[in-house]
$ cat run20.json   # JSON, C-alpha atoms
[["chain", "number", "residue", "atom", "x", "y", "z"],
["A", 1, "MET", "CA", 77.04, 72.14, 79.81],
["A", 2, "ALA", "CA", 80.70, 73.10, 79.44],
["A", 3, "ASN", "CA", 81.41, 71.33, 82.71],
["A", 4, "ARG", "CA", 79.57, 68.31, 81.52],
["A", 5, "SER", "CA", 81.57, 67.97, 78.31],
["A", 6, "LYS", "CA", 84.70, 67.93, 80.43],
["A", 7, "ARG", "CA", 83.31, 65.13, 82.55],
["A", 8, "ILE", "CA", 82.51, 62.90, 79.62],
["A", 9, "PRO", "CA", 85.54, 62.15, 77.42],
["A", 10, "ILE", "CA", 83.94, 62.70, 74.00],
["A", 11, "GLN", "CA", 87.04, 61.51, 72.17],
["A", 12, "HIS", "CA", 86.97, 58.13, 73.92],
["A", 13, "VAL", "CA", 83.26, 57.63, 73.31],
["A", 14, "VAL", "CA", 83.63, 58.49, 69.62],
["A", 15, "GLY", "CA", 86.65, 56.18, 69.32],
["A", 16, "TYR", "CA", 84.76, 53.35, 71.04],
["A", 17, "VAL", "CA", 81.70, 53.66, 68.80],
["A", 18, "MET", "CA", 83.90, 53.83, 65.69],
["A", 19, "SER", "CA", 85.83, 50.71, 66.81],
["A", 20, "ILE", "CA", 82.59, 48.77, 67.29],
["A", 21, "VAL", "CA", 81.29, 49.85, 63.89],
["A", 22, "LEU", "CA", 84.57, 48.87, 62.20],
["A", 23, "THR", "CA", 84.58, 45.48, 63.96],
["A", 24, "VAL", "CA", 81.01, 44.73, 62.90],
["A", 25, "LEU", "CA", 81.78, 45.89, 59.36],
["A", 26, "ALA", "CA", 84.85, 43.61, 59.17],
["A", 27, "ALA", "CA", 82.88, 40.65, 60.54],
["A", 28, "TRP", "CA", 80.08, 41.30, 58.06],
["A", 29, "ALA", "CA", 82.50, 41.57, 55.14],
["A", 30, "ALA", "CA", 84.17, 38.31, 56.12],
["A", 31, "LEU", "CA", 81.09, 36.24, 56.95],
["A", 32, "ASN", "CA", 78.16, 37.57, 54.92],
["A", 33, "SER", "CA", 79.38, 39.45, 51.86],
["A", 34, "ASN", "CA", 79.92, 37.82, 48.49],
["A", 35, "LEU", "CA", 83.08, 39.72, 47.60],
["A", 36, "PRO", "CA", 86.05, 37.80, 46.15],
["A", 37, "VAL", "CA", 88.30, 36.43, 48.93],
["A", 38, "ILE", "CA", 91.28, 38.60, 48.03],
["A", 39, "TRP", "CA", 89.14, 41.78, 48.31],
["A", 40, "ILE", "CA", 87.72, 40.67, 51.64],
["A", 41, "ILE", "CA", 91.27, 40.18, 52.97],
["A", 42, "ILE", "CA", 92.42, 43.59, 51.71],
["A", 43, "LEU", "CA", 89.28, 45.27, 53.09],
["A", 44, "ILE", "CA", 89.41, 43.73, 56.57],
["A", 45, "LEU", "CA", 93.16, 44.38, 56.88],
["A", 46, "ALA", "CA", 92.54, 48.04, 55.97],
["A", 47, "LEU", "CA", 89.77, 48.18, 58.60],
["A", 48, "ALA", "CA", 92.18, 46.67, 61.17],
["A", 49, "VAL", "CA", 94.79, 49.34, 60.43],
["A", 50, "ILE", "CA", 92.17, 52.11, 60.84],
["A", 51, "GLN", "CA", 91.05, 50.59, 64.15],
["A", 52, "ALA", "CA", 94.64, 50.34, 65.39],
["A", 53, "GLY", "CA", 94.99, 54.02, 64.51],
["A", 54, "ILE", "CA", 91.90, 54.84, 66.61],
["A", 55, "GLN", "CA", 93.47, 53.04, 69.61],
["A", 56, "LEU", "CA", 96.80, 54.80, 69.16],
["A", 57, "PHE", "CA", 95.55, 58.31, 68.50],
["A", 58, "MET", "CA", 92.26, 58.51, 70.40],
["A", 59, "PHE", "CA", 92.91, 56.17, 73.36],
["A", 60, "MET", "CA", 96.68, 56.11, 73.83],
["A", 61, "HIS", "CA", 97.21, 59.81, 73.01],
["A", 62, "ILE", "CA", 100.27, 58.99, 70.93],
["A", 63, "ILE", "CA", 100.42, 62.70, 70.09],
["A", 64, "GLU", "CA", 99.79, 65.04, 73.01],
["A", 65, "ARG", "CA", 101.39, 67.75, 75.11],
["A", 66, "GLY", "CA", 104.45, 66.32, 76.83],
["A", 67, "THR", "CA", 105.18, 63.37, 74.56],
["A", 68, "GLY", "CA", 107.20, 64.90, 71.71],
["A", 69, "HIS", "CA", 107.64, 63.10, 68.40],
["A", 70, "ALA", "CA", 109.43, 59.95, 69.56],
["A", 71, "PRO", "CA", 106.35, 57.76, 70.38],
["A", 72, "TRP", "CA", 104.63, 57.91, 67.00],
["A", 73, "GLN", "CA", 107.97, 57.53, 65.25],
["A", 74, "MET", "CA", 108.76, 54.41, 67.31],
["A", 75, "ILE", "CA", 105.36, 52.85, 66.67],
["A", 76, "PHE", "CA", 105.38, 53.84, 63.00],
["A", 77, "HIS", "CA", 108.73, 52.15, 62.46],
["A", 78, "GLY", "CA", 107.56, 49.16, 64.51],
["A", 79, "PHE", "CA", 104.61, 48.71, 62.14],
["A", 80, "ILE", "CA", 106.83, 49.16, 59.06],
["A", 81, "LEU", "CA", 109.17, 46.44, 60.38],
["A", 82, "ALA", "CA", 106.20, 44.20, 61.19],
["A", 83, "ALA", "CA", 104.83, 44.63, 57.64],
["A", 84, "ILE", "CA", 108.24, 43.78, 56.16],
["A", 85, "VAL", "CA", 108.60, 40.69, 58.39],
["A", 86, "VAL", "CA", 105.13, 39.33, 57.58],
["A", 87, "ALA", "CA", 105.07, 40.21, 53.88],
["A", 88, "GLY", "CA", 108.70, 39.14, 53.44],
["A", 89, "SER", "CA", 108.09, 35.77, 55.12],
["A", 90, "LEU", "CA", 105.05, 35.12, 52.94],
["A", 91, "PHE", "CA", 106.97, 36.22, 49.84],
["A", 92, "THR", "CA", 109.94, 33.93, 50.48],
["A", 93, "MET", "CA", 108.12, 30.96, 52.01],
["A", 94, "SER", "CA", 104.67, 30.75, 50.44],
["A", 95, "PHE", "CA", 104.07, 32.73, 47.25],
["A", 96, "GLY", "CA", 104.96, 31.12, 43.97],
["A", 97, "PHE", "CA", 104.55, 27.59, 45.29],
["A", 98, "ASN", "CA", 101.73, 25.74, 43.70],
["A", 99, "HIS", "CA", 100.21, 22.95, 45.73],
["A", 100, "ASP", "CA", 97.60, 21.99, 43.14],
["A", 101, "HIS", "CA", 100.13, 20.28, 40.84],
["A", 102, "ASN", "CA", 98.66, 21.82, 37.69],
["A", 103, "ASP", "CA", 101.95, 23.52, 36.72],
["A", 104, "ASP", "CA", 100.51, 26.37, 34.65],
["A", 105, "GLY", "CA", 103.44, 28.71, 35.14],
["A", 106, "GLY", "CA", 106.03, 26.13, 34.14],
["A", 107, "HIS", "CA", 104.12, 25.20, 31.03],
["A", 108, "GLU", "CA", 103.99, 28.71, 29.64],
["A", 109, "GLN", "CA", 107.74, 29.11, 30.05],
["A", 110, "HIS", "CA", 108.27, 25.87, 28.24],
["A", 111, "GLU", "CA", 106.24, 27.05, 25.27],
["A", 112, "GLN", "CA", 108.18, 30.29, 25.09],
["A", 113, "HIS", "CA", 111.41, 28.34, 24.90],
["A", 114, "GLU", "CA", 110.09, 26.31, 21.98],
["A", 115, "GLN", "CA", 109.14, 29.46, 20.07],
["A", 116, "GLU", "CA", 112.63, 30.86, 20.42],
["B", 1, "MET", "CA", 95.58, 70.25, 71.39],
["B", 2, "ASN", "CA", 94.90, 69.56, 75.05],
["B", 3, "ALA", "CA", 91.38, 68.19, 75.48],
["B", 4, "ASP", "CA", 90.55, 70.19, 78.58],
["B", 5, "GLY", "CA", 92.00, 73.40, 77.16],
["B", 6, "SER", "CA", 94.52, 74.00, 79.96],
["B", 7, "ASN", "CA", 98.18, 74.62, 79.23],
["B", 8, "ALA", "CA", 99.63, 72.49, 82.03],
["B", 9, "LYS", "CA", 101.10, 69.10, 81.16],
["B", 10, "PRO", "CA", 99.37, 66.09, 82.74],
["B", 11, "LEU", "CA", 100.85, 65.05, 86.10],
["B", 12, "GLU", "CA", 102.68, 62.01, 84.73],
["B", 13, "TYR", "CA", 104.73, 64.22, 82.37],
["B", 14, "GLN", "CA", 105.73, 66.82, 84.94],
["B", 15, "THR", "CA", 108.99, 65.19, 86.05],
["B", 16, "LYS", "CA", 111.88, 64.40, 83.71],
["B", 17, "GLU", "CA", 111.86, 60.84, 85.07],
["B", 18, "GLY", "CA", 108.19, 60.41, 84.26],
["B", 19, "GLN", "CA", 108.71, 61.65, 80.69],
["B", 20, "LEU", "CA", 111.64, 59.29, 80.15],
["B", 21, "ASN", "CA", 109.79, 56.30, 81.62],
["B", 22, "ILE", "CA", 106.85, 56.89, 79.31],
["B", 23, "LEU", "CA", 109.17, 57.31, 76.33],
["B", 24, "GLY", "CA", 110.94, 54.09, 77.30],
["B", 25, "PHE", "CA", 107.62, 52.28, 77.41],
["B", 26, "TRP", "CA", 106.76, 53.44, 73.90],
["B", 27, "ILE", "CA", 110.10, 51.94, 72.75],
["B", 28, "PHE", "CA", 109.12, 48.68, 74.51],
["B", 29, "LEU", "CA", 105.75, 48.70, 72.72],
["B", 30, "ALA", "CA", 107.44, 49.21, 69.34],
["B", 31, "ALA", "CA", 109.65, 46.20, 70.11],
["B", 32, "GLU", "CA", 106.54, 44.22, 71.09],
["B", 33, "ILE", "CA", 104.98, 45.00, 67.70],
["B", 34, "VAL", "CA", 108.04, 43.46, 66.04],
["B", 35, "LEU", "CA", 107.93, 40.46, 68.42],
["B", 36, "PHE", "CA", 104.31, 39.79, 67.50],
["B", 37, "SER", "CA", 105.10, 40.32, 63.80],
["B", 38, "THR", "CA", 107.40, 37.27, 63.89],
["B", 39, "LEU", "CA", 104.56, 35.20, 65.36],
["B", 40, "PHE", "CA", 102.12, 36.54, 62.75],
["B", 41, "ALA", "CA", 104.64, 35.72, 60.01],
["B", 42, "THR", "CA", 105.05, 32.16, 61.32],
["B", 43, "TYR", "CA", 101.27, 31.75, 61.45],
["B", 44, "ALA", "CA", 100.80, 33.16, 57.93],
["B", 45, "VAL", "CA", 103.47, 30.89, 56.45],
["B", 46, "LEU", "CA", 102.07, 27.79, 58.17],
["B", 47, "PHE", "CA", 98.48, 28.67, 57.29],
["B", 48, "ASN", "CA", 96.40, 25.59, 56.39],
["B", 49, "ARG", "CA", 99.28, 23.18, 57.17],
["B", 50, "THR", "CA", 96.87, 21.34, 59.44],
["B", 51, "ALA", "CA", 98.05, 17.78, 58.65],
["B", 52, "ASP", "CA", 95.47, 15.39, 60.13],
["B", 53, "ALA", "CA", 93.97, 17.92, 62.56],
["B", 54, "PRO", "CA", 90.68, 19.69, 61.74],
["B", 55, "PRO", "CA", 91.05, 22.85, 59.57],
["B", 56, "PRO", "CA", 90.49, 26.27, 61.22],
["B", 57, "ALA", "CA", 87.31, 27.03, 59.25],
["B", 58, "GLU", "CA", 85.71, 24.00, 60.91],
["B", 59, "LEU", "CA", 86.56, 25.04, 64.49],
["B", 60, "PHE", "CA", 86.49, 28.86, 64.57],
["B", 61, "GLU", "CA", 83.18, 30.14, 65.91],
["B", 62, "PRO", "CA", 82.22, 33.69, 64.83],
["B", 63, "GLY", "CA", 80.04, 34.14, 67.96],
["B", 64, "THR", "CA", 82.71, 33.43, 70.58],
["B", 65, "VAL", "CA", 85.36, 35.42, 68.74],
["B", 66, "LEU", "CA", 83.08, 38.45, 68.32],
["B", 67, "VAL", "CA", 82.18, 38.35, 72.03],
["B", 68, "MET", "CA", 85.88, 38.22, 72.94],
["B", 69, "THR", "CA", 86.60, 41.12, 70.61],
["B", 70, "PHE", "CA", 83.82, 43.25, 72.08],
["B", 71, "ILE", "CA", 84.93, 42.43, 75.64],
["B", 72, "LEU", "CA", 88.53, 43.46, 74.95],
["B", 73, "LEU", "CA", 87.41, 46.54, 73.02],
["B", 74, "THR", "CA", 85.18, 47.61, 75.89],
["B", 75, "SER", "CA", 87.97, 46.99, 78.41],
["B", 76, "SER", "CA", 90.26, 49.22, 76.33],
["B", 77, "PHE", "CA", 87.55, 51.91, 76.42],
["B", 78, "THR", "CA", 87.01, 51.64, 80.20],
["B", 79, "CYS", "CA", 90.79, 51.78, 80.67],
["B", 80, "GLY", "CA", 90.79, 55.05, 78.70],
["B", 81, "ILE", "CA", 88.00, 56.34, 80.97],
["B", 82, "ALA", "CA", 90.14, 55.36, 84.00],
["B", 83, "ILE", "CA", 93.07, 57.45, 82.70],
["B", 84, "HIS", "CA", 90.64, 60.29, 81.98],
["B", 85, "GLY", "CA", 89.42, 60.05, 85.59],
["B", 86, "MET", "CA", 93.01, 60.11, 86.82],
["B", 87, "ARG", "CA", 93.70, 63.31, 84.88],
["B", 88, "ARG", "CA", 90.68, 64.90, 86.50],
["B", 89, "GLY", "CA", 92.23, 63.98, 89.86],
["B", 90, "SER", "CA", 89.56, 61.45, 90.86],
["B", 91, "VAL", "CA", 91.10, 58.44, 92.68],
["B", 92, "LYS", "CA", 87.68, 56.86, 93.09],
["B", 93, "GLY", "CA", 86.84, 57.18, 89.39],
["B", 94, "LEU", "CA", 90.25, 55.86, 88.40],
["B", 95, "MET", "CA", 90.05, 52.81, 90.67],
["B", 96, "THR", "CA", 86.44, 51.99, 89.78],
["B", 97, "TRP", "CA", 87.08, 52.05, 86.03],
["B", 98, "LEU", "CA", 90.35, 50.17, 86.45],
["B", 99, "ILE", "CA", 88.56, 47.40, 88.36],
["B", 100, "ILE", "CA", 85.88, 47.22, 85.63],
["B", 101, "THR", "CA", 88.71, 46.95, 83.09],
["B", 102, "LEU", "CA", 90.23, 44.05, 85.04],
["B", 103, "ILE", "CA", 86.91, 42.21, 85.29],
["B", 104, "LEU", "CA", 86.51, 42.53, 81.51],
["B", 105, "GLY", "CA", 90.10, 41.34, 81.07],
["B", 106, "LEU", "CA", 89.41, 38.29, 83.24],
["B", 107, "SER", "CA", 86.27, 37.41, 81.31],
["B", 108, "PHE", "CA", 88.25, 37.71, 78.07],
["B", 109, "LEU", "CA", 90.75, 35.23, 79.49],
["B", 110, "GLY", "CA", 87.90, 32.95, 80.55],
["B", 111, "PHE", "CA", 86.56, 32.88, 76.99],
["B", 112, "GLU", "CA", 90.03, 32.26, 75.58],
["B", 113, "ILE", "CA", 90.63, 29.33, 77.94],
["B", 114, "TYR", "CA", 87.20, 27.91, 77.08],
["B", 115, "GLU", "CA", 88.05, 28.30, 73.39],
["B", 116, "PHE", "CA", 91.41, 26.53, 73.70],
["B", 117, "VAL", "CA", 89.92, 23.67, 75.72],
["B", 118, "HIS", "CA", 87.15, 23.32, 73.14],
["B", 119, "TYR", "CA", 89.63, 23.17, 70.23],
["B", 120, "ALA", "CA", 91.80, 20.67, 72.11],
["B", 121, "GLY", "CA", 88.72, 18.50, 72.63],
["B", 122, "GLU", "CA", 88.10, 18.56, 68.87],
["B", 123, "GLY", "CA", 91.61, 17.26, 68.22],
["B", 124, "ALA", "CA", 93.47, 20.51, 67.56],
["B", 125, "THR", "CA", 96.23, 20.77, 70.15],
["B", 126, "LEU", "CA", 99.64, 22.45, 70.25],
["B", 127, "GLN", "CA", 101.24, 19.22, 69.05],
["B", 128, "SER", "CA", 98.74, 18.17, 66.39],
["B", 129, "SER", "CA", 100.03, 20.19, 63.41],
["B", 130, "ALA", "CA", 102.27, 23.07, 62.35],
["B", 131, "PHE", "CA", 99.24, 25.29, 61.82],
["B", 132, "TRP", "CA", 97.79, 24.72, 65.27],
["B", 133, "SER", "CA", 101.22, 25.18, 66.91],
["B", 134, "ALA", "CA", 101.51, 28.58, 65.23],
["B", 135, "PHE", "CA", 97.93, 29.43, 66.22],
["B", 136, "TYR", "CA", 98.36, 28.55, 69.89],
["B", 137, "ILE", "CA", 101.71, 30.34, 70.14],
["B", 138, "LEU", "CA", 100.29, 33.53, 68.58],
["B", 139, "ALA", "CA", 96.99, 33.63, 70.48],
["B", 140, "GLY", "CA", 98.65, 32.23, 73.61],
["B", 141, "THR", "CA", 101.37, 34.91, 73.67],
["B", 142, "HIS", "CA", 98.62, 37.52, 73.54],
["B", 143, "GLY", "CA", 96.78, 35.71, 76.34],
["B", 144, "VAL", "CA", 99.95, 35.67, 78.47],
["B", 145, "HIS", "CA", 100.27, 39.42, 77.93],
["B", 146, "VAL", "CA", 96.68, 39.92, 79.12],
["B", 147, "THR", "CA", 97.37, 37.74, 82.19],
["B", 148, "LEU", "CA", 100.52, 39.72, 83.04],
["B", 149, "GLY", "CA", 98.61, 42.98, 82.55],
["B", 150, "ILE", "CA", 95.92, 41.86, 85.00],
["B", 151, "GLY", "CA", 98.52, 40.97, 87.66],
["B", 152, "TRP", "CA", 100.38, 44.23, 87.09],
["B", 153, "ALA", "CA", 97.23, 46.38, 87.30],
["B", 154, "THR", "CA", 96.14, 44.58, 90.48],
["B", 155, "LEU", "CA", 99.44, 45.51, 92.15],
["B", 156, "LEU", "CA", 98.99, 49.11, 90.97],
["B", 157, "LEU", "CA", 95.49, 49.20, 92.48],
["B", 158, "VAL", "CA", 97.05, 48.38, 95.87],
["B", 159, "GLN", "CA", 99.55, 51.22, 95.45],
["B", 160, "LEU", "CA", 96.76, 53.60, 94.42],
["B", 161, "ALA", "CA", 94.73, 52.66, 97.49],
["B", 162, "GLN", "CA", 97.76, 53.34, 99.72],
["B", 163, "ARG", "CA", 99.25, 56.46, 98.10],
["B", 164, "GLY", "CA", 96.57, 58.07, 95.93],
["B", 165, "ILE", "CA", 97.46, 59.90, 92.73],
["B", 166, "THR", "CA", 101.03, 61.23, 92.84],
["B", 167, "SER", "CA", 103.47, 61.98, 90.01],
["B", 168, "VAL", "CA", 104.85, 58.45, 90.49],
["B", 169, "THR", "CA", 101.58, 56.49, 90.66],
["B", 170, "SER", "CA", 100.03, 58.53, 87.83],
["B", 171, "ARG", "CA", 103.01, 57.70, 85.63],
["B", 172, "LYS", "CA", 102.68, 54.00, 86.48],
["B", 173, "VAL", "CA", 98.95, 53.97, 85.78],
["B", 174, "PHE", "CA", 99.41, 55.87, 82.52],
["B", 175, "ILE", "CA", 101.99, 53.28, 81.41],
["B", 176, "ILE", "CA", 99.74, 50.30, 82.16],
["B", 177, "GLY", "CA", 97.01, 52.17, 80.29],
["B", 178, "LEU", "CA", 99.28, 52.25, 77.24],
["B", 179, "TYR", "CA", 100.02, 48.54, 77.73],
["B", 180, "TRP", "CA", 96.33, 47.66, 77.92],
["B", 181, "HIS", "CA", 95.38, 49.63, 74.80],
["B", 182, "PHE", "CA", 98.33, 48.00, 73.05],
["B", 183, "LEU", "CA", 96.90, 44.54, 73.85],
["B", 184, "ASP", "CA", 93.76, 45.58, 72.02],
["B", 185, "VAL", "CA", 95.82, 46.77, 69.04],
["B", 186, "ILE", "CA", 97.40, 43.30, 68.81],
["B", 187, "TRP", "CA", 94.01, 41.62, 69.27],
["B", 188, "ILE", "CA", 92.53, 43.59, 66.37],
["B", 189, "PHE", "CA", 95.14, 41.99, 64.13],
["B", 190, "ILE", "CA", 94.61, 38.52, 65.63],
["B", 191, "PHE", "CA", 90.84, 38.93, 65.15],
["B", 192, "THR", "CA", 91.32, 40.02, 61.54],
["B", 193, "GLY", "CA", 94.39, 38.06, 60.45],
["B", 194, "VAL", "CA", 93.68, 34.80, 62.28],
["B", 195, "TYR", "CA", 89.96, 34.41, 62.86],
["B", 196, "LEU", "CA", 88.29, 36.35, 60.04],
["B", 197, "ILE", "CA", 90.76, 35.26, 57.36],
["B", 198, "GLY", "CA", 90.67, 31.72, 58.79],
["B", 199, "MET", "CA", 86.89, 31.66, 58.33],
["B", 200, "VAL", "CA", 86.98, 33.19, 54.83],
["B", 201, "VAL", "CA", 89.71, 31.13, 53.15]]

$ encode --input "run20.json" --output "C-alpha cells"
Amino acid sequence: MANRSKRIPIQHVVGYVMSIVLTVLAAWAALNSNLPVIWIIILILALAVIQAGIQLFMFMHIIERGTGHAPWQMIFHGFILAAIVVAGSLFTMSFGFNHDHNDDGGHEQHEQHEQE
Amino acid sequence: MNADGSNAKPLEYQTKEGQLNILGFWIFLAAEIVLFSTLFATYAVLFNRTADAPPPAELFEPGTVLVMTFILLTSSFTCGIAIHGMRRGSVKGLMTWLIITLILGLSFLGFEIYEFVHYAGEGATLQSSAFWSAFYILAGTHGVHVTLGIGWATLLLVQLAQRGITSVTSRKVFIIGLYWHFLDVIWIFIFTGVYLIGMVV
C-alpha cells in the first residue's frame, strides 16, 4: 500500500477534484442561483482565486524543496499589481458614470447647496 | 514537505543553472500575470460597449464554455501527472501523459476556434465593437499562449525521445509544466471574469 500511494499523486487528484467542484459551484452560482448580481460576482471571483491557489500550490509546487521564497513572492506581487491595474482602471474609467441619465447623485448635492 | 519523503532535491533543481532557469521562469510568469491584467482591465472598462453588435449574454453558451474549462482543467491535471512521472524517473509515463495533455490542449483550441467562428457568424467580430475587440484580444491572447505551448511541448517530446530524462531535459519539462498550469490559472479568470459575469450581468 505504501508503494501504491507513491505511485498515485494524491495531491494532484485532490486538487483536480476540488477544481472541478469549484468550477461547477461557480457555474451554478452564476446561472441558477437567485443571489443579487453583485454577490454572485464577489462569490465567483473568490472561487476563482481559490482555484488559482490550488493550481499554484498543489500543481505547480510554488513552495517546495529547491525553490526558495522567490517564486511565491513574484507571483504574489504579480497578482497584487494585476488587482491594482484592473480595479484602478475600473475606478478611473467606469465607476461614478451614470448611463441611465437619471442624475440622482447630482440632485442630492444640489439640494444640500440650497439648504446651506 | 517533500511528497515522497526523500531528502534529495528533484533532478531539475540539482544544478545551479537549473535552479536559476526555473526562478527566471517564475519571474516571466509574474510578468505574464501583469500582461494579462492589462487585457482584463481593458475588457472590464469596455464591458457592454457592444454598439450595434449582439450583447455577450446573447452569444455566450454555458455548455461550450464549461466543456472548454473542463478540458483545460483536465489537461492541467494530466500535465501534473506527467511531471510526477518524470520525478519517479519514468520516461514512458512522462511522455504518455504529456501527449494526453497535448491532445486535450488541441481539443481546447478546436473548441475555441469553433466558438470564435460561431460568434463571427452572429455578427460579433474583432471590428464590430469596442467590447468584442477587447473580448477577442483577451481570449485570443490566451489561445495564442496555448498554441505556443503545444508547439513547445511537441519539440520537448522529440528531445525526450532522443535523450531521456537528464538534468537538462527534466528542467525543460518542469518549466513547460509551470507554463501549462499557468495557462489554466489565466483561463480560470477568463471563465469567471468574462463568461460567467458576461452571462450574469

$ residues_around --input "run20.json" --residues "region 160-173 of chain B" --least-positions-apart "2" --cutoff "7 Å" --atoms "only C-alpha atoms" --output "PyMOL selection string"
chain B and resi 11-12+18+91+156-158+175-177

$ atom_distance --input "run20.json" --atom1 "CA of Gly24 (chain B)" --atom2 "CA of Leu56 (chain A)"
16.3 Å

$ residues_around --input "run20.json" --residues "region 75-85 of chain A" --least-positions-apart "6" --cutoff "8 Å" --atoms "only C-alpha atoms" --output "CSV table (one decimal) with C-alpha atoms, in the coordinates of the input"
chain,number,residue,atom,x,y,z
B,26,TRP,CA,106.8,53.4,73.9
B,27,ILE,CA,110.1,51.9,72.8
B,29,LEU,CA,105.8,48.7,72.7
B,30,ALA,CA,107.4,49.2,69.3
B,31,ALA,CA,109.6,46.2,70.1
B,33,ILE,CA,105.0,45.0,67.7
B,34,VAL,CA,108.0,43.5,66.0
B,36,PHE,CA,104.3,39.8,67.5
B,37,SER,CA,105.1,40.3,63.8
B,38,THR,CA,107.4,37.3,63.9
B,41,ALA,CA,104.6,35.7,60.0

$ interface_residues --input "run20.json" --of "chain B" --to "chain A" --cutoff "7 Å" --atoms "all atoms listed in the file" --output "VMD selection string"
chain B and resid 1 to 2 4 9 13 23 26 to 27 30 to 31 33 to 34 37 to 38 40 to 41 44 to 45 77 80 178 181 185 188 to 189 192 196 to 197 200 to 201

$ atom_distance --input "run20.json" --atom1 "CA of Cys79 (chain B)" --atom2 "CA of Thr15 (chain B)"
23.2 Å

$ atom_distance --input "run20.json" --atom1 "CA of Asp52 (chain B)" --atom2 "CA of Leu126 (chain B)"
13.0 Å

$ closest_residue --input "run20.json" --among "B:Ala120, B:Val65, B:Ile150, B:Ala51" --to "Gly105 (chain B)" --atoms "all atoms listed in the file"
B:Ile150

$ closest_residue --input "run20.json" --among "B:Leu20, B:Ile100, B:Met68, B:Leu46" --to "Ile113 (chain B)" --atoms "only C-alpha atoms"
B:Met68

$ residues_near_point --input "run20.json" --point "(99.7, 36.8, 68.7)" --cutoff "12 Å" --atoms "all atoms listed in the file" --output "MDAnalysis selection string"
chainID B and resid 32:44 133:146 183:195

$ axis_aligned_box --input "run20.json" --around "region 179-194 of chain B" --padding-each-side "4 Å" --output "lines of an AutoDock Vina configuration file"
center_x = 95.4
center_y = 42.2
center_z = 69.2
size_x = 17.2
size_y = 22.8
size_z = 25.5
